[in-house]
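Enquirer: So that you have it, the file is start-v1.txt, and it contains compact mmCIF, C-alpha atoms and all ligand atoms:
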# COMPACT_ATOMS: atom_id res chain seq x y z
CA MET A 1 6.81 6.36 26.04
CA GLY A 2 9.43 5.99 23.31
CA TYR A 3 9.02 4.04 20.09
CA LYS A 4 11.70 3.07 17.57
CA ILE A 5 10.61 3.89 14.03
CA THR A 6 12.66 3.04 10.93
CA LEU A 7 12.03 5.60 8.21
CA ILE A 8 12.66 4.76 4.55
CA PRO A 9 12.25 7.91 2.44
CA GLY A 10 13.33 6.08 -0.75
CA ASP A 11 13.26 7.67 -4.20
CA GLY A 12 11.27 10.24 -6.21
CA ILE A 13 8.50 11.80 -4.12
CA GLY A 14 9.34 9.40 -1.23
CA PRO A 15 11.38 11.89 0.83
CA GLU A 16 8.76 14.64 0.28
CA ILE A 17 5.83 12.58 1.58
CA VAL A 18 7.72 10.88 4.43
CA ARG A 19 8.76 14.33 5.69
CA GLU A 20 5.08 15.29 6.01
CA ALA A 21 4.16 12.01 7.75
CA ARG A 22 6.97 12.59 10.23
CA LYS A 23 5.68 16.11 10.88
CA VAL A 24 2.25 14.64 11.68
CA LEU A 25 3.73 11.90 13.90
CA ASP A 26 5.70 14.51 15.82
CA ALA A 27 2.52 16.54 16.36
CA VAL A 28 0.73 13.43 17.68
CA GLY A 29 3.70 12.58 19.88
CA LYS A 30 3.71 16.05 21.36
CA LYS A 31 -0.02 16.01 22.01
CA TYR A 32 -0.17 12.58 23.63
CA GLY A 33 3.26 12.46 25.26
CA HIS A 34 5.06 9.89 23.09
CA GLU A 35 8.56 10.06 21.74
CA PHE A 36 9.29 8.68 18.29
CA ASP A 37 12.92 7.82 17.85
CA TYR A 38 13.61 7.73 14.09
CA THR A 39 16.40 5.94 12.24
CA GLU A 40 16.62 6.47 8.49
CA ILE A 41 17.79 3.72 6.15
CA LEU A 42 18.36 3.72 2.40
CA MET A 43 16.32 1.49 0.11
CA GLY A 44 15.79 1.45 -3.66
CA GLY A 45 17.68 3.54 -6.18
CA CYS A 46 19.32 5.70 -3.51
CA SER A 47 20.78 2.57 -1.88
CA ILE A 48 22.00 1.26 -5.25
CA ASP A 49 23.81 4.58 -5.78
CA ALA A 50 25.35 4.49 -2.30
CA TYR A 51 26.10 0.77 -1.81
CA GLY A 52 25.53 -0.99 -5.16
CA VAL A 53 22.54 -2.95 -3.81
CA PRO A 54 18.89 -1.88 -3.26
CA LEU A 55 18.90 -2.88 0.42
CA THR A 56 21.83 -3.82 2.65
CA GLU A 57 21.70 -6.47 5.38
CA GLU A 58 22.58 -3.75 7.86
CA ALA A 59 19.49 -1.77 6.81
CA VAL A 60 17.33 -4.90 7.22
CA ASN A 61 18.74 -5.41 10.71
CA THR A 62 17.92 -1.80 11.62
CA ALA A 63 14.34 -2.38 10.47
CA LYS A 64 14.13 -5.66 12.41
CA ALA A 65 15.31 -3.94 15.58
CA SER A 66 12.59 -1.27 15.44
CA ASP A 67 8.93 -1.24 16.47
CA ALA A 68 7.68 -0.31 12.99
CA VAL A 69 8.85 0.79 9.55
CA LEU A 70 7.43 3.72 7.56
CA LEU A 71 8.24 3.84 3.86
CA GLY A 72 7.73 6.47 1.13
CA ALA A 73 8.36 4.74 -2.20
CA VAL A 74 11.20 3.35 -4.27
CA GLY A 75 12.07 3.21 -7.96
CA GLY A 76 12.80 5.34 -10.98
CA ASN A 77 11.19 5.86 -14.32
CA VAL A 78 10.66 2.20 -15.32
CA GLY A 79 12.21 1.40 -18.71
CA ASN A 80 14.05 4.67 -18.78
CA SER A 81 16.28 4.94 -15.73
CA LYS A 82 19.85 4.02 -14.84
CA TRP A 83 18.45 1.34 -12.53
CA TYR A 84 16.44 -0.52 -15.21
CA ASP A 85 18.86 -2.62 -17.26
CA VAL A 86 20.30 -4.67 -14.41
CA ALA A 87 19.75 -8.10 -12.85
CA PRO A 88 16.35 -8.51 -11.09
CA ASN A 89 17.89 -8.58 -7.61
CA LEU A 90 19.72 -5.29 -8.22
CA ARG A 91 16.67 -3.22 -9.21
CA PRO A 92 15.18 -0.65 -6.79
CA GLU A 93 11.96 -2.66 -6.39
CA ALA A 94 14.00 -5.69 -5.29
CA GLY A 95 14.76 -3.79 -2.08
CA LEU A 96 11.06 -3.56 -1.34
CA LEU A 97 10.48 -7.25 -2.12
CA LYS A 98 13.45 -8.16 0.07
CA ILE A 99 12.25 -6.23 3.11
CA ARG A 100 8.73 -7.70 2.75
CA LYS A 101 10.23 -11.22 2.57
CA ASP A 102 12.89 -10.75 5.28
CA LEU A 103 10.31 -9.36 7.72
CA GLU A 104 7.80 -12.09 6.63
CA LEU A 105 5.11 -9.53 5.91
CA PHE A 106 2.66 -11.77 4.09
CA ALA A 107 -0.51 -9.72 4.69
CA ASN A 108 -0.99 -6.38 2.96
CA ILE A 109 -4.05 -4.39 3.99
CA ARG A 110 -5.15 -1.60 1.65
CA PRO A 111 -8.29 0.25 2.80
CA ALA A 112 -10.24 2.05 0.08
CA TYR A 113 -13.09 4.30 1.20
CA LEU A 114 -14.61 7.44 -0.18
CA TYR A 115 -14.54 10.56 1.98
CA SER A 116 -17.85 12.31 1.27
CA GLU A 117 -15.80 15.50 0.71
CA LEU A 118 -14.00 13.82 -2.21
CA LYS A 119 -17.09 12.88 -4.23
CA ASP A 120 -16.11 15.45 -6.86
CA ALA A 121 -12.65 13.93 -7.22
CA CYS A 122 -14.10 10.43 -7.75
CA PRO A 123 -14.40 9.68 -11.49
CA LEU A 124 -17.59 7.62 -11.00
CA LYS A 125 -21.09 9.00 -11.62
CA ASP A 126 -23.20 9.98 -8.60
CA GLU A 127 -25.67 7.13 -9.15
CA ILE A 128 -22.81 4.62 -9.02
CA ILE A 129 -21.24 6.22 -5.95
CA GLY A 130 -24.58 6.09 -4.13
CA ASP A 131 -23.86 6.19 -0.38
CA GLY A 132 -20.17 5.72 -1.04
CA PHE A 133 -18.02 2.67 -0.37
CA ASP A 134 -15.71 1.35 2.31
CA MET A 135 -13.66 -1.74 1.49
CA VAL A 136 -10.40 -3.37 2.44
CA ILE A 137 -8.20 -5.20 -0.02
CA MET A 138 -6.31 -7.98 1.74
CA ARG A 139 -3.43 -8.80 -0.58
CA GLU A 140 -1.05 -11.77 -0.15
CA LEU A 141 2.42 -10.20 -0.21
CA THR A 142 5.25 -12.74 -0.11
CA GLY A 143 4.24 -15.37 -2.66
CA GLY A 144 3.01 -15.83 -6.21
CA LEU A 145 4.56 -14.36 -9.34
CA TYR A 146 6.68 -11.86 -7.41
CA PHE A 147 8.75 -14.53 -5.71
CA GLY A 148 8.73 -17.35 -8.28
CA GLU A 149 11.75 -18.36 -10.31
CA ARG A 150 12.37 -15.99 -13.24
CA HIS A 151 14.89 -15.82 -16.03
CA THR A 152 15.34 -14.87 -19.65
CA GLU A 153 17.15 -17.17 -22.05
CA SER A 154 17.48 -18.02 -25.70
CA VAL A 155 15.54 -21.19 -26.58
CA ASN A 156 16.51 -22.41 -30.04
CA GLY A 157 17.51 -18.87 -30.93
CA VAL A 158 14.25 -17.34 -29.65
CA MET A 159 14.48 -15.03 -26.63
CA THR A 160 12.21 -16.47 -23.96
CA ALA A 161 11.28 -15.01 -20.58
CA VAL A 162 9.96 -17.15 -17.74
CA ASP A 163 8.11 -16.01 -14.59
CA THR A 164 6.62 -18.68 -12.34
CA LEU A 165 3.55 -18.46 -10.09
CA THR A 166 3.60 -20.79 -7.07
CA TYR A 167 1.45 -20.94 -3.95
CA ASN A 168 1.34 -23.65 -1.32
CA GLU A 169 -1.65 -24.30 0.91
CA GLU A 170 0.07 -22.92 4.01
CA GLU A 171 0.74 -19.57 2.33
CA ILE A 172 -2.90 -19.41 1.27
CA ARG A 173 -4.25 -20.49 4.65
CA ARG A 174 -2.41 -17.83 6.67
CA ILE A 175 -3.56 -14.93 4.45
CA ALA A 176 -7.10 -16.35 4.32
CA ILE A 177 -7.20 -16.41 8.14
CA LYS A 178 -6.11 -12.73 8.20
CA GLY A 179 -8.84 -11.94 5.67
CA PHE A 180 -11.55 -13.63 7.74
CA GLU A 181 -10.29 -12.02 10.94
CA ILE A 182 -10.57 -8.58 9.43
CA ALA A 183 -14.00 -9.40 7.96
CA MET A 184 -15.20 -10.36 11.47
CA LYS A 185 -14.32 -6.85 12.66
CA ARG A 186 -16.14 -5.25 9.73
CA ARG A 187 -19.36 -6.03 7.85
CA LYS A 188 -18.59 -9.79 7.67
CA LYS A 189 -18.61 -10.03 3.88
CA LEU A 190 -15.61 -11.49 2.10
CA VAL A 191 -15.06 -11.81 -1.64
CA SER A 192 -12.16 -14.09 -2.56
CA VAL A 193 -10.77 -13.08 -5.93
CA ASP A 194 -8.96 -15.51 -8.22
CA LYS A 195 -8.67 -16.84 -11.76
CA ALA A 196 -9.86 -20.37 -11.02
CA ASN A 197 -11.15 -20.80 -14.58
CA VAL A 198 -7.50 -20.96 -15.72
CA LEU A 199 -4.90 -21.19 -12.95
CA ASP A 200 -4.07 -24.19 -10.74
CA SER A 201 -2.86 -21.82 -8.02
CA SER A 202 -6.32 -20.20 -8.03
CA ARG A 203 -8.06 -23.57 -7.72
CA LEU A 204 -5.95 -24.38 -4.67
CA TRP A 205 -6.68 -20.84 -3.38
CA ARG A 206 -10.45 -21.43 -3.66
CA LYS A 207 -10.24 -24.82 -1.93
CA VAL A 208 -8.21 -23.49 1.02
CA VAL A 209 -10.41 -20.38 1.41
CA ALA A 210 -13.47 -22.68 1.54
CA GLU A 211 -11.79 -24.77 4.27
CA VAL A 212 -10.84 -21.71 6.34
CA SER A 213 -14.35 -20.26 5.94
CA LYS A 214 -15.73 -23.15 8.03
CA ASP A 215 -14.12 -21.58 11.10
CA TYR A 216 -15.92 -18.28 10.40
CA PRO A 217 -19.57 -19.25 9.82
CA GLU A 218 -20.74 -15.67 10.36
CA VAL A 219 -18.77 -14.40 7.37
CA GLU A 220 -20.59 -14.47 4.05
CA VAL A 221 -18.07 -15.70 1.45
CA THR A 222 -18.26 -15.50 -2.30
CA ASN A 223 -15.74 -16.21 -5.04
CA MET A 224 -15.20 -13.82 -7.93
CA LEU A 225 -12.96 -14.03 -10.98
CA VAL A 226 -10.41 -11.24 -11.11
CA ASP A 227 -11.50 -9.85 -14.48
CA ASN A 228 -15.08 -9.61 -13.23
CA CYS A 229 -13.84 -7.97 -10.01
CA ALA A 230 -12.01 -5.28 -11.99
CA MET A 231 -15.32 -4.47 -13.67
CA GLN A 232 -17.47 -4.71 -10.51
CA LEU A 233 -15.18 -2.22 -8.73
CA VAL A 234 -16.25 0.56 -11.08
CA MET A 235 -19.80 -0.68 -11.59
CA ASN A 236 -20.83 -1.19 -7.96
CA PRO A 237 -17.99 -0.51 -5.49
CA GLY A 238 -20.45 -0.36 -2.56
CA GLN A 239 -20.92 -4.16 -2.73
CA PHE A 240 -17.41 -4.86 -1.35
CA ASP A 241 -16.36 -5.20 2.28
CA VAL A 242 -13.21 -7.39 2.27
CA ILE A 243 -11.52 -8.47 -0.96
CA LEU A 244 -9.07 -11.33 -0.34
CA THR A 245 -6.65 -12.02 -3.15
CA GLU A 246 -3.18 -13.12 -4.24
CA ASN A 247 -0.17 -10.88 -4.74
CA MET A 248 -0.37 -9.71 -8.36
CA PHE A 249 -4.17 -9.43 -8.51
CA GLY A 250 -4.10 -7.40 -5.29
CA ASP A 251 -1.48 -5.08 -6.71
CA ILE A 252 -3.58 -4.28 -9.76
CA LEU A 253 -7.00 -4.15 -8.08
CA SER A 254 -5.71 -1.84 -5.34
CA ASP A 255 -4.52 0.75 -7.87
CA GLU A 256 -7.96 0.60 -9.47
CA ALA A 257 -9.67 0.93 -6.08
CA SER A 258 -7.42 3.87 -5.20
CA MET A 259 -8.57 5.91 -8.15
CA ILE A 260 -12.23 5.69 -7.19
CA THR A 261 -11.32 7.17 -3.77
CA GLY A 262 -10.26 10.26 -5.72
CA SER A 263 -6.56 9.60 -6.28
CA ILE A 264 -3.85 7.04 -5.77
CA GLY A 265 -2.42 9.64 -3.40
CA MET A 266 -5.15 8.70 -0.88
CA LEU A 267 -4.55 4.93 -0.52
CA SER A 268 -2.61 3.84 2.56
CA SER A 269 -1.36 0.36 3.39
CA ALA A 270 -0.09 -1.86 6.19
CA SER A 271 2.04 -4.95 5.64
CA LEU A 272 1.85 -7.36 8.54
CA GLY A 273 3.20 -10.76 9.53
CA LYS A 274 3.22 -12.90 12.65
CA THR A 275 4.72 -10.28 14.97
CA LYS A 276 3.81 -6.67 15.79
CA LEU A 277 6.54 -5.36 13.47
CA GLY A 278 4.86 -3.99 10.36
CA LEU A 279 5.80 -1.98 7.27
CA TYR A 280 3.58 0.98 6.41
CA GLU A 281 3.58 2.66 3.02
CA PRO A 282 1.31 4.44 0.56
CA SER A 283 0.08 2.13 -2.20
CA HIS A 284 1.47 4.40 -4.89
CA GLY A 285 4.99 4.59 -6.25
CA SER A 286 7.79 7.14 -6.40
CA ALA A 287 5.98 9.22 -9.07
CA PRO A 288 9.15 10.38 -10.88
CA ASP A 289 6.99 12.63 -13.10
CA ILE A 290 6.15 14.93 -10.18
CA ALA A 291 9.18 14.43 -7.90
CA GLY A 292 10.79 17.57 -6.50
CA LYS A 293 7.80 19.78 -7.33
CA ASN A 294 6.19 19.80 -3.85
CA ILE A 295 2.81 18.82 -5.37
CA ALA A 296 2.50 15.14 -4.35
CA ASN A 297 -0.38 14.22 -2.07
CA PRO A 298 1.07 13.15 1.31
CA ILE A 299 -2.26 11.85 2.69
CA ALA A 300 -1.71 8.16 1.77
CA THR A 301 1.57 8.23 3.71
CA ILE A 302 0.04 10.12 6.63
CA LEU A 303 -2.82 7.61 6.81
CA SER A 304 -0.24 4.80 6.63
CA ALA A 305 1.45 6.37 9.66
CA ALA A 306 -1.95 6.24 11.42
CA MET A 307 -2.18 2.52 10.59
CA MET A 308 1.32 2.11 12.02
CA LEU A 309 0.18 3.62 15.32
CA ARG A 310 -2.86 1.35 15.40
CA TYR A 311 -1.37 -2.01 14.33
CA SER A 312 2.25 -1.94 15.51
CA LEU A 313 2.20 0.44 18.48
CA ASP A 314 -1.34 -0.11 19.84
CA LEU A 315 -1.95 3.66 19.88
CA ASP A 316 -5.58 3.60 18.78
CA LYS A 317 -6.73 7.02 19.90
CA GLU A 318 -3.62 8.62 18.38
CA ALA A 319 -4.40 6.85 15.06
CA ASP A 320 -8.01 8.05 15.28
CA ALA A 321 -6.75 11.59 15.87
CA ILE A 322 -4.66 11.54 12.66
CA GLU A 323 -7.60 10.22 10.65
CA ALA A 324 -9.88 12.89 12.12
CA ALA A 325 -7.34 15.60 11.28
CA VAL A 326 -7.19 14.41 7.65
CA ALA A 327 -10.99 14.42 7.42
CA GLN A 328 -11.12 17.90 8.95
CA VAL A 329 -8.64 19.36 6.45
CA LEU A 330 -10.66 17.88 3.59
CA LYS A 331 -13.83 19.34 5.14
CA GLU A 332 -12.12 22.73 5.16
CA ASN A 333 -11.76 22.30 1.38
CA TYR A 334 -7.96 22.04 1.13
CA ARG A 335 -6.78 19.85 -1.74
CA THR A 336 -3.50 18.83 -3.36
CA VAL A 337 -3.65 19.03 -7.14
CA ASP A 338 -4.49 15.33 -7.69
CA ILE A 339 -7.78 15.68 -5.74
CA MET A 340 -8.48 19.29 -6.73
CA SER A 341 -11.98 20.26 -7.86
CA GLU A 342 -13.91 23.49 -8.39
CA GLY A 343 -14.21 25.87 -5.44
CA MET A 344 -11.49 24.12 -3.40
CA THR A 345 -8.24 25.68 -2.15
CA GLN A 346 -5.20 24.12 -3.80
CA CYS A 347 -2.21 23.44 -1.58
CA THR A 348 1.27 21.96 -1.83
CA THR A 349 2.66 18.80 -0.24
CA THR A 350 4.21 20.83 2.58
CA GLN A 351 1.07 22.89 3.18
CA MET A 352 -1.08 19.75 3.37
CA GLY A 353 1.29 18.28 5.98
CA ASP A 354 1.25 21.54 7.96
CA LEU A 355 -2.56 21.74 7.89
CA ILE A 356 -2.96 18.17 9.17
CA ALA A 357 -0.24 18.61 11.82
CA ASN A 358 -1.80 21.92 12.98
CA HIS A 359 -5.09 20.17 13.68
CA LEU A 360 -3.21 17.91 16.06
CA ALA A 361 -1.41 20.71 17.85
P1 LIG B 401 3.28 5.77 -9.43
O1 LIG B 401 2.29 5.33 -8.42
O2 LIG B 401 4.57 6.24 -8.93
O3 LIG B 401 2.63 6.92 -10.32
C1 LIG B 401 1.48 6.73 -11.12
C2 LIG B 401 0.80 8.08 -11.37
O4 LIG B 401 0.21 8.52 -10.15
C3 LIG B 401 1.78 9.18 -11.78
O5 LIG B 401 1.16 10.04 -12.69
C4 LIG B 401 2.07 9.92 -10.48
O6 LIG B 401 2.41 11.28 -10.65
C5 LIG B 401 0.73 9.77 -9.74
N1 LIG B 401 0.93 9.75 -8.29
C6 LIG B 401 1.49 8.73 -7.55
N2 LIG B 401 1.53 9.07 -6.26
C7 LIG B 401 1.00 10.30 -6.15
C8 LIG B 401 0.77 11.18 -5.05
N3 LIG B 401 1.11 10.87 -3.79
N4 LIG B 401 0.21 12.40 -5.31
C9 LIG B 401 -0.13 12.73 -6.55
N5 LIG B 401 0.05 11.95 -7.64
C10 LIG B 401 0.61 10.73 -7.43
O7 LIG B 401 3.45 4.54 -10.42
P2 LIG B 401 4.44 4.36 -11.67
O8 LIG B 401 4.64 5.65 -12.37
O9 LIG B 401 3.91 3.22 -12.41
O10 LIG B 401 5.82 3.92 -11.02
C11 LIG B 401 6.88 4.82 -10.71
C12 LIG B 401 7.95 4.09 -9.90
O11 LIG B 401 7.44 3.76 -8.61
C13 LIG B 401 8.42 2.78 -10.51
O12 LIG B 401 9.81 2.70 -10.33
C14 LIG B 401 7.71 1.72 -9.70
O13 LIG B 401 8.39 0.49 -9.67
C15 LIG B 401 7.70 2.37 -8.35
N6 LIG B 401 6.67 1.91 -7.43
C16 LIG B 401 7.05 1.81 -6.12
C17 LIG B 401 6.14 1.48 -5.16
C18 LIG B 401 6.60 1.39 -3.75
O14 LIG B 401 7.71 1.75 -3.44
N7 LIG B 401 5.77 0.91 -2.83
C19 LIG B 401 4.81 1.28 -5.52
C20 LIG B 401 4.43 1.41 -6.86
C21 LIG B 401 5.37 1.74 -7.81
C1 LIG B 402 3.14 -1.82 -4.69
C2 LIG B 402 4.17 -1.72 -5.79
C3 LIG B 402 5.15 -2.88 -5.69
C4 LIG B 402 4.34 -4.15 -5.86
C5 LIG B 402 6.31 -2.84 -6.69
C6 LIG B 402 7.08 -1.55 -6.64
C7 LIG B 402 7.25 -4.00 -6.47
O1 LIG B 402 3.56 -1.65 -7.03
O2 LIG B 402 3.52 -1.83 -3.51
O3 LIG B 402 1.95 -1.84 -5.00
O4 LIG B 402 3.97 -4.51 -6.98
O5 LIG B 402 4.06 -4.78 -4.84
MN MN B 403 1.41 -1.46 -6.94
Output the file's structure as structure tokens, nothing else.
Expert:
Amino acid sequence: MGYKITLIPGDGIGPEIVREARKVLDAVGKKYGHEFDYTEILMGGCSIDAYGVPLTEEAVNTAKASDAVLLGAVGGNVGNSKWYDVAPNLRPEAGLLKIRKDLELFANIRPAYLYSELKDACPLKDEIIGDGFDMVIMRELTGGLYFGERHTESVNGVMTAVDTLTYNEEEIRRIAIKGFEIAMKRRKKLVSVDKANVLDSSRLWRKVVAEVSKDYPEVEVTNMLVDNCAMQLVMNPGQFDVILTENMFGDILSDEASMITGSIGMLSSASLGKTKLGLYEPSHGSAPDIAGKNIANPIATILSAAMMLRYSLDLDKEADAIEAAVAQVLKENYRTVDIMSEGMTQCTTTQMGDLIANHLA
């Protein structure tokens, strides 16, 4: 059967890692008899260079007409690129925010688990790692600080920048429901993370999460302040099953969680809304410092492609096969440089993609 996939290579290492994910998808397609029909669109800096905007309406329409979207990453060297000193809606990252908003992808799932093979790449001590950890960060993706009014102006001669954080109860309720639904399929433990000791939006968050929790009596719910959560993640990561949190907190906590899996190059993500159409991307950025060197870890993107098969295309066994192939390659001791440790065989981006694809052949 044929599936329409929109590919967004983007900037920096984006094209390098998307190429490897496509290689793996093609191997899965061949093995299980599916055809993936790819259409590439520009987003981010490359779109600004071509069209003057980070994402065109035509590109959005292409994405909307497909079954799923697979993204590498967008953006340049922040603070030091030709795309920095421009209006907020003309920056590379604005393309990403626009596609998330236009496709109404309010739920971002970022799974962080430790492969036993990557214990040596995890910066935590053995006694903290214990039996490992397996958590999901459920991040609200279309509200909060990212989408509030922002501007910079001179107030009585003093330059003043304003960013606003707004959530309404409906936005909180729909992400909370997604969080509880995923908890029901896992170990039924949900930690809702906020800053309710300071922020009104967090107090509303807590109230709505408590209301929604009544419909899921089997799920054990606790509240945790975000600063404490940042600490608990490195003190006792095994305690977490589902972390439910707002947009900015989820952004920061997921980068922290990624590092304890061994590298940010391991953390995949799925952005979902009300329909089957989802956007799949690694949690990391365009890594301008290593772009063009063929050393980036493509696994986060490859695992995102597996999530795409599972959530948007209902191809569960194909998704399982990709995940098994990744685990197998790690078991065979192949590592990109970011997860390299003693006694392992170092490989490039391309080699890692080939190894994973070969296991699916
Ligand atoms: P980054 O995630 O790109 O890089 C942070 C560090 O992690 C760098 O040292 C980088 O080399 C390393 N790294 C990232 N991905 C890696 C991989 N797959 N393999 C090995 N090492 C990897 O974050 P940053 O440097 O803060 O941001 C760079 C640009 O990316 C910015 O323009 C930012 O806005 C953008 N960004 C985009 C996305 C996205 O498109 N989804 C996400 C995050 C950041
Ligand atoms: C991410 C990124 C984006 C975010 C940026 C590039 C807008 O950091 O996907 O984690 O903050 O959501
Ligand atoms: Mn981020």
Enquirer: For Ser286 of chain A, which residue out of A:Gly45, A:Ile177, A:Leu7, A:Val162 is the nearest one, using all atoms listed in the file?
Expert: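 Counting all atoms listed in the file, the residue closest to Ser286 of chain A is A:Gly45.
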Enquirer: Enumerate as a list in words the residues within 9 Å of ligand MN 403 (chain B), counting all atoms listed in the file.
Expert: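 Using all atoms listed in the file, everything at most 9 Å from ligand MN 403 (chain B) comes to Met248, Gly250, Asp251, Ile252, Leu253, Ser254, Asp255, Ser283, His284 and Gly285 of chain A.
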Enquirer: Of the residues A:Asp338, A:Glu218, A:Asp26, A:Asp102, which is the one nearest to Ala183 of chain A, using only C-alpha atoms?
Expert: A:Glu218
Enquirer: Tell me which protein, DNA and RNA residues are within 9 Å of Lys293 of chain A, counting all atoms listed in the file, leaving out same-chain ones fewer than 2 positions away, and put them as a ChimeraX atom specification.
Expert: /A:13,290-291,295-296,348-349
Enquirer: Would you export the selected residues with C-alpha atoms as a PDB file, in the coordinates of the input, please?
Expert:
ATOM      1  CA  ILE A  13       8.500  11.800  -4.120  1.00  0.00           C
ATOM      2  CA  ILE A 290       6.150  14.930 -10.180  1.00  0.00           C
ATOM      3  CA  ALA A 291       9.180  14.430  -7.900  1.00  0.00           C
ATOM      4  CA  ILE A 295       2.810  18.820  -5.370  1.00  0.00           C
ATOM      5  CA  ALA A 296       2.500  15.140  -4.350  1.00  0.00           C
ATOM      6  CA  THR A 348       1.270  21.960  -1.830  1.00  0.00           C
ATOM      7  CA  THR A 349       2.660  18.800  -0.240  1.00  0.00           C
TER       8      THR A 349
END
Enquirer: Determine the nearest neighbour of Glu20 of chain A from the options A:Met231, A:Ile356, A:Leu330, A:Ile339, counting only C-alpha atoms.
Expert: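 Of the candidates, the smallest distance to Glu20 of chain A is held by A:Ile356.
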Enquirer: Could you produce a table of the residues of chain A lying within 7 Å of ligand LIG 401 (chain B), with the nearest pair of atoms per residue and their separation in Å rounded to one decimal, using all atoms listed in the file, ordered by chain and increasing residue number, as CSV?
Expert:
residue,atom,partner,partner_atom,distance
A:Gly72,CA,B:LIG401,O14,6.6
A:Ala73,CA,B:LIG401,O14,3.3
A:Val74,CA,B:LIG401,O14,3.9
A:Gly75,CA,B:LIG401,O12,3.3
A:Gly76,CA,B:LIG401,O12,4.0
A:Asn77,CA,B:LIG401,O12,5.3
A:Val78,CA,B:LIG401,O12,5.1
A:Glu93,CA,B:LIG401,O13,5.8
A:Leu96,CA,B:LIG401,O14,6.6
A:Ile264,CA,B:LIG401,N2,5.8
A:Gly265,CA,B:LIG401,N3,3.8
A:Glu281,CA,B:LIG401,N7,6.5
A:Pro282,CA,B:LIG401,N7,6.6
A:Ser283,CA,B:LIG401,C19,5.8
A:His284,CA,B:LIG401,O1,3.7
A:Gly285,CA,B:LIG401,O2,3.2
A:Ser286,CA,B:LIG401,O11,4.1
A:Ala287,CA,B:LIG401,O2,3.3
A:Pro288,CA,B:LIG401,C11,6.0
A:Asp289,CA,B:LIG401,O6,5.4
A:Ile290,CA,B:LIG401,O6,5.2
A:Ile295,CA,B:LIG401,C9,6.9
A:Ala296,CA,B:LIG401,N4,3.7
A:Asn297,CA,B:LIG401,N4,3.8
A:Pro298,CA,B:LIG401,N3,5.6
A:Ala300,CA,B:LIG401,N3,6.8
A:Asp338,CA,B:LIG401,C9,5.2
Enquirer: Please write the residues from the selection above to a file, keeping C-alpha atoms, as a compact mmCIF listing (two decimals), in the frame of the given file.
Expert:
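Ended up saving to part19.txt:
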# COMPACT_ATOMS: atom_id res chain seq x y z
CA GLY A 72 7.73 6.47 1.13
CA ALA A 73 8.36 4.74 -2.20
CA VAL A 74 11.20 3.35 -4.27
CA GLY A 75 12.07 3.21 -7.96
CA GLY A 76 12.80 5.34 -10.98
CA ASN A 77 11.19 5.86 -14.32
CA VAL A 78 10.66 2.20 -15.32
CA GLU A 93 11.96 -2.66 -6.39
CA LEU A 96 11.06 -3.56 -1.34
CA ILE A 264 -3.85 7.04 -5.77
CA GLY A 265 -2.42 9.64 -3.40
CA GLU A 281 3.58 2.66 3.02
CA PRO A 282 1.31 4.44 0.56
CA SER A 283 0.08 2.13 -2.20
CA HIS A 284 1.47 4.40 -4.89
CA GLY A 285 4.99 4.59 -6.25
CA SER A 286 7.79 7.14 -6.40
CA ALA A 287 5.98 9.22 -9.07
CA PRO A 288 9.15 10.38 -10.88
CA ASP A 289 6.99 12.63 -13.10
CA ILE A 290 6.15 14.93 -10.18
CA ILE A 295 2.81 18.82 -5.37
CA ALA A 296 2.50 15.14 -4.35
CA ASN A 297 -0.38 14.22 -2.07
CA PRO A 298 1.07 13.15 1.31
CA ALA A 300 -1.71 8.16 1.77
CA ASP A 338 -4.49 15.33 -7.69
Enquirer: Show me, as a compact mmCIF listing (two decimals) with C-alpha atoms, in the coordinates of the input, the residues that have an atom within 6 Å of Glu140 of chain A when counting all atoms listed in the file, minus same-chain residues fewer than 5 positions from it.
Expert:
# COMPACT_ATOMS: atom_id res chain seq x y z
CA PHE A 106 2.66 -11.77 4.09
CA ALA A 107 -0.51 -9.72 4.69
CA GLU A 246 -3.18 -13.12 -4.24
CA ASN A 247 -0.17 -10.88 -4.74
Enquirer: So what do you get for atom CA of Asp215 of chain A versus atom CA of Leu103 of chain A, distance-wise?
Expert: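 Result for atom CA of Asp215 of chain A versus atom CA of Leu103 of chain A: 27.5 Å, one decimal.
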Enquirer: So how far away is atom CA of Phe133 of chain A from atom CA of Leu233 of chain A, in Å?
Expert: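 Going from atom CA of Leu233 of chain A over to atom CA of Phe133 of chain A covers 10.1 Å.
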